[in-house]
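Source file protein.cif; content: mmCIF, C-alpha atoms.
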data_model
loop_
_atom_site.group_PDB
_atom_site.id
_atom_site.type_symbol
_atom_site.label_atom_id
_atom_site.label_comp_id
_atom_site.auth_asym_id
_atom_site.auth_seq_id
_atom_site.Cartn_x
_atom_site.Cartn_y
_atom_site.Cartn_z
ATOM 1 C CA MET U 1 56.443 -165.769 45.045
ATOM 2 C CA GLU U 2 60.058 -166.641 45.580
ATOM 3 C CA TYR U 3 61.269 -166.124 42.028
ATOM 4 C CA LYS U 4 60.022 -162.545 42.062
ATOM 5 C CA THR U 5 62.917 -161.532 44.287
ATOM 6 C CA ASN U 6 65.367 -162.969 41.798
ATOM 7 C CA LYS U 7 67.564 -160.531 39.871
ATOM 8 C CA HIS U 8 67.067 -162.475 36.631
ATOM 9 C CA TYR U 9 63.337 -162.194 37.090
ATOM 10 C CA GLU U 10 63.597 -158.436 37.566
ATOM 11 C CA ASN U 11 65.704 -158.052 34.434
ATOM 12 C CA PHE U 12 63.259 -160.227 32.576
ATOM 13 C CA MET U 13 60.233 -158.197 33.623
ATOM 14 C CA GLU U 14 62.132 -155.033 32.777
ATOM 15 C CA SER U 15 62.885 -156.304 29.287
ATOM 16 C CA LEU U 16 59.241 -157.296 28.808
ATOM 17 C CA LYS U 17 58.205 -153.693 29.342
ATOM 18 C CA ASN U 18 60.335 -152.644 26.405
ATOM 19 C CA PHE U 19 59.011 -155.061 23.855
ATOM 20 C CA GLN U 20 56.327 -153.685 21.565
ATOM 21 C CA GLY U 21 55.769 -156.632 19.289
ATOM 22 C CA ASP U 22 56.548 -160.282 18.695
ATOM 23 C CA THR U 23 59.954 -159.856 17.140
ATOM 24 C CA ASN U 24 61.371 -157.766 19.974
ATOM 25 C CA CYS U 25 60.620 -160.227 22.727
ATOM 26 C CA PRO U 26 63.480 -162.591 23.568
ATOM 27 C CA VAL U 27 61.148 -165.361 24.734
ATOM 28 C CA PHE U 28 59.072 -165.130 21.579
ATOM 29 C CA ARG U 29 62.193 -165.222 19.407
ATOM 30 C CA THR U 30 63.439 -168.358 21.131
ATOM 31 C CA LEU U 31 60.081 -170.099 20.835
ATOM 32 C CA SER U 32 59.795 -169.143 17.154
ATOM 33 C CA MET U 33 63.176 -170.650 16.480
ATOM 34 C CA LEU U 34 62.008 -174.016 17.814
ATOM 35 C CA GLN U 35 58.629 -174.210 16.120
ATOM 36 C CA GLY U 36 59.470 -176.245 13.016
ATOM 37 C CA LYS U 37 57.896 -179.678 12.733
ATOM 38 C CA TRP U 38 61.259 -181.495 12.886
ATOM 39 C CA THR U 39 63.370 -178.907 14.703
ATOM 40 C CA LEU U 40 63.057 -180.200 18.258
ATOM 41 C CA ARG U 41 63.569 -183.802 17.229
ATOM 42 C CA VAL U 42 66.744 -183.008 15.327
ATOM 43 C CA ILE U 43 68.057 -181.153 18.402
ATOM 44 C CA PHE U 44 67.106 -184.078 20.641
ATOM 45 C CA PHE U 45 68.903 -186.597 18.421
ATOM 46 C CA LEU U 46 72.023 -184.443 18.533
ATOM 47 C CA MET U 47 71.728 -184.238 22.317
ATOM 48 C CA GLU U 48 71.820 -188.016 22.478
ATOM 49 C CA ASN U 49 74.628 -188.362 19.941
ATOM 50 C CA ASN U 50 77.684 -186.175 19.668
ATOM 51 C CA SER U 51 77.430 -186.022 15.908
ATOM 52 C CA LEU U 52 75.269 -187.489 13.195
ATOM 53 C CA ARG U 53 75.335 -187.668 9.404
ATOM 54 C CA PHE U 54 72.405 -186.583 7.263
ATOM 55 C CA GLY U 55 71.410 -190.179 6.546
ATOM 56 C CA GLU U 56 71.542 -191.121 10.210
ATOM 57 C CA ILE U 57 69.176 -188.303 11.160
ATOM 58 C CA LYS U 58 66.881 -189.172 8.263
ATOM 59 C CA ARG U 59 66.605 -192.814 9.362
ATOM 60 C CA LYS U 60 65.441 -191.644 12.790
ATOM 61 C CA LEU U 61 62.648 -189.611 11.171
ATOM 62 C CA PRO U 62 60.821 -192.057 8.895
ATOM 63 C CA ASN U 63 58.345 -189.483 7.551
ATOM 64 C CA VAL U 64 60.723 -186.666 6.681
ATOM 65 C CA THR U 65 61.647 -185.849 3.075
ATOM 66 C CA ASN U 66 65.158 -184.823 2.024
ATOM 67 C CA THR U 67 63.908 -181.316 1.264
ATOM 68 C CA MET U 68 62.286 -180.869 4.675
ATOM 69 C CA LEU U 69 65.269 -182.220 6.551
ATOM 70 C CA THR U 70 67.680 -180.060 4.563
ATOM 71 C CA ALA U 71 65.572 -176.967 5.305
ATOM 72 C CA THR U 72 65.420 -177.838 9.017
ATOM 73 C CA LEU U 73 69.184 -178.352 9.211
ATOM 74 C CA LYS U 74 69.915 -175.132 7.303
ATOM 75 C CA GLU U 75 67.689 -173.146 9.624
ATOM 76 C CA LEU U 76 69.294 -174.625 12.739
ATOM 77 C CA GLU U 77 72.697 -173.909 11.229
ATOM 78 C CA SER U 78 71.817 -170.280 10.488
ATOM 79 C CA ASP U 79 70.483 -169.933 14.069
ATOM 80 C CA GLU U 80 73.885 -171.289 15.204
ATOM 81 C CA ILE U 81 72.283 -174.139 17.113
ATOM 82 C CA ILE U 82 73.955 -176.851 15.065
ATOM 83 C CA LEU U 83 77.327 -177.032 13.385
ATOM 84 C CA ARG U 84 77.812 -178.550 9.937
ATOM 85 C CA THR U 85 81.275 -180.016 9.468
ATOM 86 C CA GLN U 86 82.426 -181.191 6.078
ATOM 87 C CA PHE U 87 85.298 -183.682 5.914
ATOM 88 C CA ASN U 88 87.262 -183.591 2.692
ATOM 89 C CA GLU U 89 87.108 -187.271 1.948
ATOM 90 C CA ILE U 90 85.997 -189.071 -1.163
ATOM 91 C CA PRO U 91 83.014 -189.164 -1.145
ATOM 92 C CA PRO U 92 82.764 -186.036 1.060
ATOM 93 C CA ARG U 93 81.401 -186.713 4.529
ATOM 94 C CA VAL U 94 79.236 -184.186 6.420
ATOM 95 C CA GLU U 95 78.458 -184.369 10.115
ATOM 96 C CA TYR U 96 76.085 -182.347 12.266
ATOM 97 C CA SER U 97 76.564 -181.595 15.953
ATOM 98 C CA LEU U 98 75.242 -179.151 18.547
ATOM 99 C CA THR U 99 77.085 -175.877 19.074
ATOM 100 C CA GLU U 100 77.695 -174.535 22.576
ATOM 101 C CA LYS U 101 74.610 -172.370 22.057
ATOM 102 C CA GLY U 102 72.619 -175.466 21.137
ATOM 103 C CA ASN U 103 73.886 -177.343 24.175
ATOM 104 C CA THR U 104 72.795 -174.608 26.551
ATOM 105 C CA LEU U 105 69.222 -175.202 25.412
ATOM 106 C CA VAL U 106 69.280 -178.522 27.261
ATOM 107 C CA PRO U 107 68.575 -177.179 30.780
ATOM 108 C CA ILE U 108 65.700 -175.112 29.359
ATOM 109 C CA PHE U 109 64.201 -178.193 27.730
ATOM 110 C CA VAL U 110 64.565 -180.076 31.000
ATOM 111 C CA GLU U 111 62.516 -177.345 32.720
ATOM 112 C CA LEU U 112 59.885 -177.305 29.964
ATOM 113 C CA GLY U 113 59.612 -181.084 30.175
ATOM 114 C CA LYS U 114 59.282 -181.053 33.964
ATOM 115 C CA TRP U 115 56.605 -178.377 33.754
ATOM 116 C CA GLU U 116 54.564 -180.310 31.239
ATOM 117 C CA LYS U 117 54.867 -183.590 33.106
ATOM 118 C CA LYS U 118 53.950 -182.014 36.422
ATOM 119 C CA TYR U 119 50.751 -180.513 35.105
ATOM 120 C CA ASN U 120 49.643 -182.817 32.302
ATOM 121 C CA ALA U 121 50.822 -186.201 33.507
ATOM 122 C CA MET T 1 78.906 -181.173 30.679
ATOM 123 C CA GLU T 2 77.775 -180.478 34.198
ATOM 124 C CA TYR T 3 74.031 -180.759 33.628
ATOM 125 C CA LYS T 4 74.462 -184.278 32.272
ATOM 126 C CA THR T 5 75.028 -185.579 35.783
ATOM 127 C CA ASN T 6 71.752 -184.061 36.894
ATOM 128 C CA LYS T 7 68.897 -186.450 37.736
ATOM 129 C CA HIS T 8 66.353 -184.258 35.945
ATOM 130 C CA TYR T 9 68.488 -184.388 32.850
ATOM 131 C CA GLU T 10 68.611 -188.173 32.989
ATOM 132 C CA ASN T 11 64.844 -188.426 33.368
ATOM 133 C CA PHE T 12 64.444 -186.002 30.527
ATOM 134 C CA MET T 13 66.683 -187.954 28.166
ATOM 135 C CA GLU T 14 64.905 -191.147 29.207
ATOM 136 C CA SER T 15 61.540 -189.631 28.356
ATOM 137 C CA LEU T 16 62.854 -188.428 24.990
ATOM 138 C CA LYS T 17 63.645 -191.994 24.016
ATOM 139 C CA ASN T 18 60.005 -192.923 24.463
ATOM 140 C CA PHE T 19 58.484 -190.260 22.309
ATOM 141 C CA GLN T 20 57.619 -191.323 18.788
ATOM 142 C CA GLY T 21 56.000 -188.184 17.435
ATOM 143 C CA ASP T 22 55.265 -184.553 18.129
ATOM 144 C CA THR T 23 52.297 -185.018 20.394
ATOM 145 C CA ASN T 24 54.033 -187.371 22.805
ATOM 146 C CA CYS T 25 56.950 -185.108 23.591
ATOM 147 C CA PRO T 26 56.460 -182.938 26.697
ATOM 148 C CA VAL T 27 58.710 -180.170 25.397
ATOM 149 C CA PHE T 28 56.896 -180.053 22.069
ATOM 150 C CA ARG T 29 53.525 -179.936 23.815
ATOM 151 C CA THR T 30 54.597 -177.005 25.961
ATOM 152 C CA LEU T 31 56.007 -175.097 23.008
ATOM 153 C CA SER T 32 52.850 -175.733 20.948
ATOM 154 C CA MET T 33 50.733 -174.357 23.747
ATOM 155 C CA LEU T 34 52.632 -171.054 23.603
ATOM 156 C CA GLN T 35 52.713 -170.559 19.851
ATOM 157 C CA GLY T 36 49.703 -168.307 19.300
ATOM 158 C CA LYS T 37 50.364 -164.790 18.067
ATOM 159 C CA TRP T 38 48.991 -163.171 21.251
ATOM 160 C CA THR T 39 49.470 -165.985 23.744
ATOM 161 C CA LEU T 40 52.806 -164.973 25.224
ATOM 162 C CA ARG T 41 51.850 -161.338 25.504
ATOM 163 C CA VAL T 42 48.636 -162.137 27.346
ATOM 164 C CA ILE T 43 50.641 -164.290 29.773
ATOM 165 C CA PHE T 44 53.205 -161.500 30.232
ATOM 166 C CA PHE T 45 50.520 -158.919 30.982
ATOM 167 C CA LEU T 46 49.053 -161.228 33.608
ATOM 168 C CA MET T 47 52.514 -161.707 35.095
ATOM 169 C CA GLU T 48 52.796 -157.957 35.558
ATOM 170 C CA ASN T 49 49.249 -157.549 36.865
ATOM 171 C CA ASN T 50 47.476 -159.864 39.267
ATOM 172 C CA SER T 51 44.260 -159.713 37.281
ATOM 173 C CA LEU T 52 42.962 -157.917 34.221
ATOM 174 C CA ARG T 53 39.610 -157.444 32.541
ATOM 175 C CA PHE T 54 39.047 -158.195 28.851
ATOM 176 C CA GLY T 55 39.057 -154.504 27.945
ATOM 177 C CA GLU T 56 42.277 -153.876 29.857
ATOM 178 C CA ILE T 57 44.089 -156.647 27.976
ATOM 179 C CA LYS T 58 42.659 -155.418 24.681
ATOM 180 C CA ARG T 59 43.941 -151.873 25.248
ATOM 181 C CA LYS T 60 47.449 -153.254 25.725
ATOM 182 C CA LEU T 61 47.233 -155.014 22.338
ATOM 183 C CA PRO T 62 46.195 -152.307 19.875
ATOM 184 C CA ASN T 63 46.051 -154.626 16.848
ATOM 185 C CA VAL T 64 44.027 -157.488 18.305
ATOM 186 C CA THR T 65 40.393 -158.056 17.381
ATOM 187 C CA ASN T 66 37.759 -159.163 19.901
ATOM 188 C CA THR T 67 37.518 -162.529 18.145
ATOM 189 C CA MET T 68 41.262 -163.174 18.272
ATOM 190 C CA LEU T 69 41.573 -162.131 21.885
ATOM 191 C CA THR T 70 38.577 -164.235 22.909
ATOM 192 C CA ALA T 71 40.080 -167.263 21.149
ATOM 193 C CA THR T 72 43.459 -166.700 22.817
ATOM 194 C CA LEU T 73 41.883 -166.386 26.259
ATOM 195 C CA LYS T 74 39.697 -169.486 25.748
ATOM 196 C CA GLU T 75 42.698 -171.531 24.713
ATOM 197 C CA LEU T 76 44.749 -170.396 27.696
ATOM 198 C CA GLU T 77 41.793 -171.151 29.938
ATOM 199 C CA SER T 78 41.384 -174.662 28.514
ATOM 200 C CA ASP T 79 45.143 -175.228 28.975
ATOM 201 C CA GLU T 80 44.607 -174.148 32.609
ATOM 202 C CA ILE T 81 47.191 -171.384 32.330
ATOM 203 C CA ILE T 82 44.730 -168.606 33.065
ATOM 204 C CA LEU T 83 41.663 -168.450 35.262
ATOM 205 C CA ARG T 84 38.473 -166.676 34.200
ATOM 206 C CA THR T 85 36.500 -165.360 37.163
ATOM 207 C CA GLN T 86 33.023 -163.975 36.672
ATOM 208 C CA PHE T 87 31.645 -161.643 39.335
ATOM 209 C CA ASN T 88 27.876 -161.566 39.539
ATOM 210 C CA GLU T 89 27.482 -157.832 39.391
ATOM 211 C CA ILE T 90 25.355 -155.715 37.118
ATOM 212 C CA PRO T 91 26.791 -155.468 34.522
ATOM 213 C CA PRO T 92 28.691 -158.759 35.043
ATOM 214 C CA ARG T 93 32.411 -158.306 35.504
ATOM 215 C CA VAL T 94 34.968 -160.860 34.279
ATOM 216 C CA GLU T 95 38.612 -160.938 35.327
ATOM 217 C CA TYR T 96 41.523 -162.999 34.088
ATOM 218 C CA SER T 97 44.509 -164.074 36.171
ATOM 219 C CA LEU T 98 47.294 -166.652 36.008
ATOM 220 C CA THR T 99 46.741 -170.045 37.612
ATOM 221 C CA GLU T 100 49.476 -171.683 39.674
ATOM 222 C CA LYS T 101 50.361 -173.656 36.534
ATOM 223 C CA GLY T 102 50.638 -170.393 34.613
ATOM 224 C CA ASN T 103 52.800 -168.829 37.301
ATOM 225 C CA THR T 104 55.287 -171.699 37.228
ATOM 226 C CA LEU T 105 55.991 -170.826 33.594
ATOM 227 C CA VAL T 106 57.736 -167.666 34.779
ATOM 228 C CA PRO T 107 61.111 -169.227 35.705
ATOM 229 C CA ILE T 108 61.125 -171.047 32.345
ATOM 230 C CA PHE T 109 60.529 -167.790 30.497
ATOM 231 C CA VAL T 110 63.327 -166.180 32.496
ATOM 232 C CA GLU T 111 65.680 -168.943 31.286
ATOM 233 C CA LEU T 112 64.499 -168.642 27.677
ATOM 234 C CA GLY T 113 64.980 -164.889 27.820
ATOM 235 C CA LYS T 114 68.478 -165.203 29.306
ATOM 236 C CA TRP T 115 69.420 -167.730 26.642
ATOM 237 C CA GLU T 116 68.262 -165.504 23.811
ATOM 238 C CA LYS T 117 69.924 -162.399 25.220
ATOM 239 C CA LYS T 118 73.194 -164.217 25.832
ATOM 240 C CA TYR T 119 73.480 -165.445 22.279
ATOM 241 C CA ASN T 120 71.641 -162.890 20.186
ATOM 242 C CA ALA T 121 72.326 -159.685 22.056
#
Written form, structure tokens:
Amino acid sequence: MEYKTNKHYENFMESLKNFQGDTNCPVFRTLSMLQGKWTLRVIFFLMENNSLRFGEIKRKLPNVTNTMLTATLKELESDEIILRTQFNEIPPRVEYSLTEKGNTLVPIFVELGKWEKKYNA
Amino acid sequence: MEYKTNKHYENFMESLKNFQGDTNCPVFRTLSMLQGKWTLRVIFFLMENNSLRFGEIKRKLPNVTNTMLTATLKELESDEIILRTQFNEIPPRVEYSLTEKGNTLVPIFVELGKWEKKYNA
């Protein structure tokens, strides 16, 4: 298989040999980070829009509660996938946007989406 | 951003607009498929070895029970990621290997692994 001659593939297989459990595997860590019920959708909305306010995200997710959305945003912020910017206005305005790290997830999602569509269309 | 001019990216963003909930999103479906505690590791072992028997996989996962491993393998088989081949010998021999669909996950995992290592090294 073509990809097996790829240097990235070799490094990847090498790193797999060293992982003993879930938390040491880079692929597992990435997947875990994205597992929340609302996580992917929040990322997708921020891919489509440069920045969004809390209320704007909430309106796009009719079934989410404030608590759930706050928890999702906090987790994405602590994973450095989104950036929370507070503007010192009255009343204070807060906007969320993707970080560079968050933006580099896009090509991976494109591949995941292609894979799923190819096989489960 | 460079990838935004990519045709795959455009198709991807187009398909995102159409998804109303978790189950309709191709990325979410792929991620869900990979969420089991042992799922990724079983796939990784089958990436490193062309085929493995039940007992060989079990020895690589010291904490797994027969029930959990059987459930993981059945799920991967029903998702068409692994192939179960039974050889009519006495006693019957069963081997597991990756399908073509399973093999095409490899480049995606390489990207996920690179992403995680780049940002969380």
Tell me which protein, DNA and RNA residues are within 9 Å of Val42 in chain U, counting all atoms listed in the file, leaving out same-chain ones fewer than 2 positions away, and put them as a PyMOL selection string.
-> chain U and resi 38-40+44-47+57+61+69+72-73
Residue IDs satisfying the PyMOL selection byres ((chain U and resi 119) around 12), as a ChimeraX atom specification = /U:112-118,120-121 /T:26,29-30,79-81,99-102,104-105
Residue IDs satisfying the PyMOL selection byres ((chain U and resi 85) around 9), as a CSV table (one decimal) with C-alpha atoms, keeping the file's coordinate frame:
chain,number,residue,atom,x,y,z
U,83,LEU,CA,77.3,-177.0,13.4
U,84,ARG,CA,77.8,-178.6,9.9
U,86,GLN,CA,82.4,-181.2,6.1
U,87,PHE,CA,85.3,-183.7,5.9
U,93,ARG,CA,81.4,-186.7,4.5
U,94,VAL,CA,79.2,-184.2,6.4
U,95,GLU,CA,78.5,-184.4,10.1
U,96,TYR,CA,76.1,-182.3,12.3
U,97,SER,CA,76.6,-181.6,16.0
What is the distance, in Å and to one decimal place, between CA of Pro107 in chain U and CA of Lys37 in chain U?
->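 Going from CA of Pro107 in chain U over to CA of Lys37 in chain U, I get 21.1 Å.
The space between CA of Phe54 in chain U and CA of Ile90 in chain U spans 16.2 Å.
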Shortest interatomic distance to Met33 in chain U - which of U:Asn88, U:Ser78, U:Asn66, U:Asn103, counting all atoms listed in the file | U:Ser78
Which is closer to chain T than all the others in U:Gly36, U:Glu77, U:Val27, U:Val64, using all atoms listed in the file?
->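 That would be U:Val27, the residue with the smallest distance to chain T.
Using all atoms listed in the file, the smallest distance between any of U:Thr65, U:Thr70, U:Gln35, U:Asn50 and chain T comes from U:Gln35.
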Distance of CA of Pro91 in chain U from CA of Ile43 in chain U, expressed in Å to one decimal place |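 It comes out at 25.9 Å.
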Which one is closest to chain T: U:Leu52, U:Glu89, U:Met68, U:Asn63? Count only C-alpha atoms.
->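 Selected residue with least distance to chain T: U:Asn63.
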Around range 42-49 of chain U, fit a box with edges along x, y and z, padding it by 8 Å on each side, then list its centre and edge lengths in Å to one decimal as lines of an AutoDock Vina configuration file.
center_x = 70.7
center_y = -184.8
center_z = 18.9
size_x = 23.9
size_y = 23.2
size_z = 23.2
Starting from the incomplete input, reconstruct N, CA, C and O atoms of range 78-97 of chain U and report them as a compact mmCIF listing (two decimals), in the coordinates of the input.
# COMPACT_ATOMS: atom_id res chain seq x y z
N SER U 78 71.78 -171.75 10.56
CA SER U 78 71.82 -170.28 10.49
C SER U 78 71.48 -169.67 11.86
O SER U 78 71.91 -168.56 12.17
N ASP U 79 70.73 -170.39 12.69
CA ASP U 79 70.48 -169.93 14.07
C ASP U 79 71.65 -170.30 15.00
O ASP U 79 71.57 -170.06 16.21
N GLU U 80 72.68 -170.90 14.45
CA GLU U 80 73.89 -171.29 15.20
C GLU U 80 73.61 -172.28 16.33
O GLU U 80 74.30 -172.29 17.35
N ILE U 81 72.59 -173.11 16.12
CA ILE U 81 72.28 -174.14 17.11
C ILE U 81 73.00 -175.44 16.76
O ILE U 81 73.38 -176.20 17.64
N ILE U 82 73.16 -175.69 15.47
CA ILE U 82 73.96 -176.85 15.06
C ILE U 82 75.12 -176.41 14.20
O ILE U 82 75.11 -175.33 13.59
N LEU U 83 76.13 -177.28 14.17
CA LEU U 83 77.33 -177.03 13.38
C LEU U 83 77.41 -178.09 12.30
O LEU U 83 77.20 -179.28 12.55
N ARG U 84 77.67 -177.63 11.06
CA ARG U 84 77.81 -178.55 9.94
C ARG U 84 79.30 -178.65 9.62
O ARG U 84 79.94 -177.64 9.31
N THR U 85 79.86 -179.84 9.73
CA THR U 85 81.28 -180.02 9.47
C THR U 85 81.46 -180.91 8.25
O THR U 85 80.94 -182.02 8.21
N GLN U 86 82.18 -180.39 7.27
CA GLN U 86 82.43 -181.19 6.08
C GLN U 86 83.85 -181.73 6.09
O GLN U 86 84.81 -180.98 6.25
N PHE U 87 83.98 -183.05 5.96
CA PHE U 87 85.30 -183.68 5.91
C PHE U 87 85.66 -183.92 4.46
O PHE U 87 84.87 -184.45 3.69
N ASN U 88 86.88 -183.48 4.11
CA ASN U 88 87.26 -183.59 2.69
C ASN U 88 87.75 -184.99 2.36
O ASN U 88 88.93 -185.22 2.16
N GLU U 89 86.81 -185.89 2.34
CA GLU U 89 87.11 -187.27 1.95
C GLU U 89 86.42 -187.54 0.62
O GLU U 89 85.67 -186.71 0.13
N ILE U 90 86.69 -188.71 0.06
CA ILE U 90 86.00 -189.07 -1.16
C ILE U 90 85.24 -190.36 -0.91
O ILE U 90 85.86 -191.39 -0.62
N PRO U 91 83.87 -190.34 -0.93
CA PRO U 91 83.01 -189.16 -1.14
C PRO U 91 83.00 -188.26 0.09
O PRO U 91 83.25 -188.75 1.18
N PRO U 92 82.73 -186.97 -0.08
CA PRO U 92 82.76 -186.04 1.06
C PRO U 92 81.79 -186.46 2.16
O PRO U 92 80.68 -186.91 1.87
N ARG U 93 82.23 -186.32 3.40
CA ARG U 93 81.40 -186.71 4.53
C ARG U 93 81.01 -185.45 5.29
O ARG U 93 81.83 -184.56 5.50
N VAL U 94 79.73 -185.36 5.68
CA VAL U 94 79.24 -184.19 6.42
C VAL U 94 78.64 -184.67 7.73
O VAL U 94 77.88 -185.64 7.74
N GLU U 95 79.02 -184.00 8.81
CA GLU U 95 78.46 -184.37 10.12
C GLU U 95 77.84 -183.15 10.79
O GLU U 95 78.34 -182.03 10.66
N TYR U 96 76.77 -183.41 11.53
CA TYR U 96 76.08 -182.35 12.27
C TYR U 96 76.25 -182.59 13.76
O TYR U 96 76.19 -183.72 14.23
N SER U 97 76.47 -181.49 14.49
CA SER U 97 76.56 -181.60 15.95
C SER U 97 76.00 -180.31 16.56
O SER U 97 75.78 -179.32 15.87
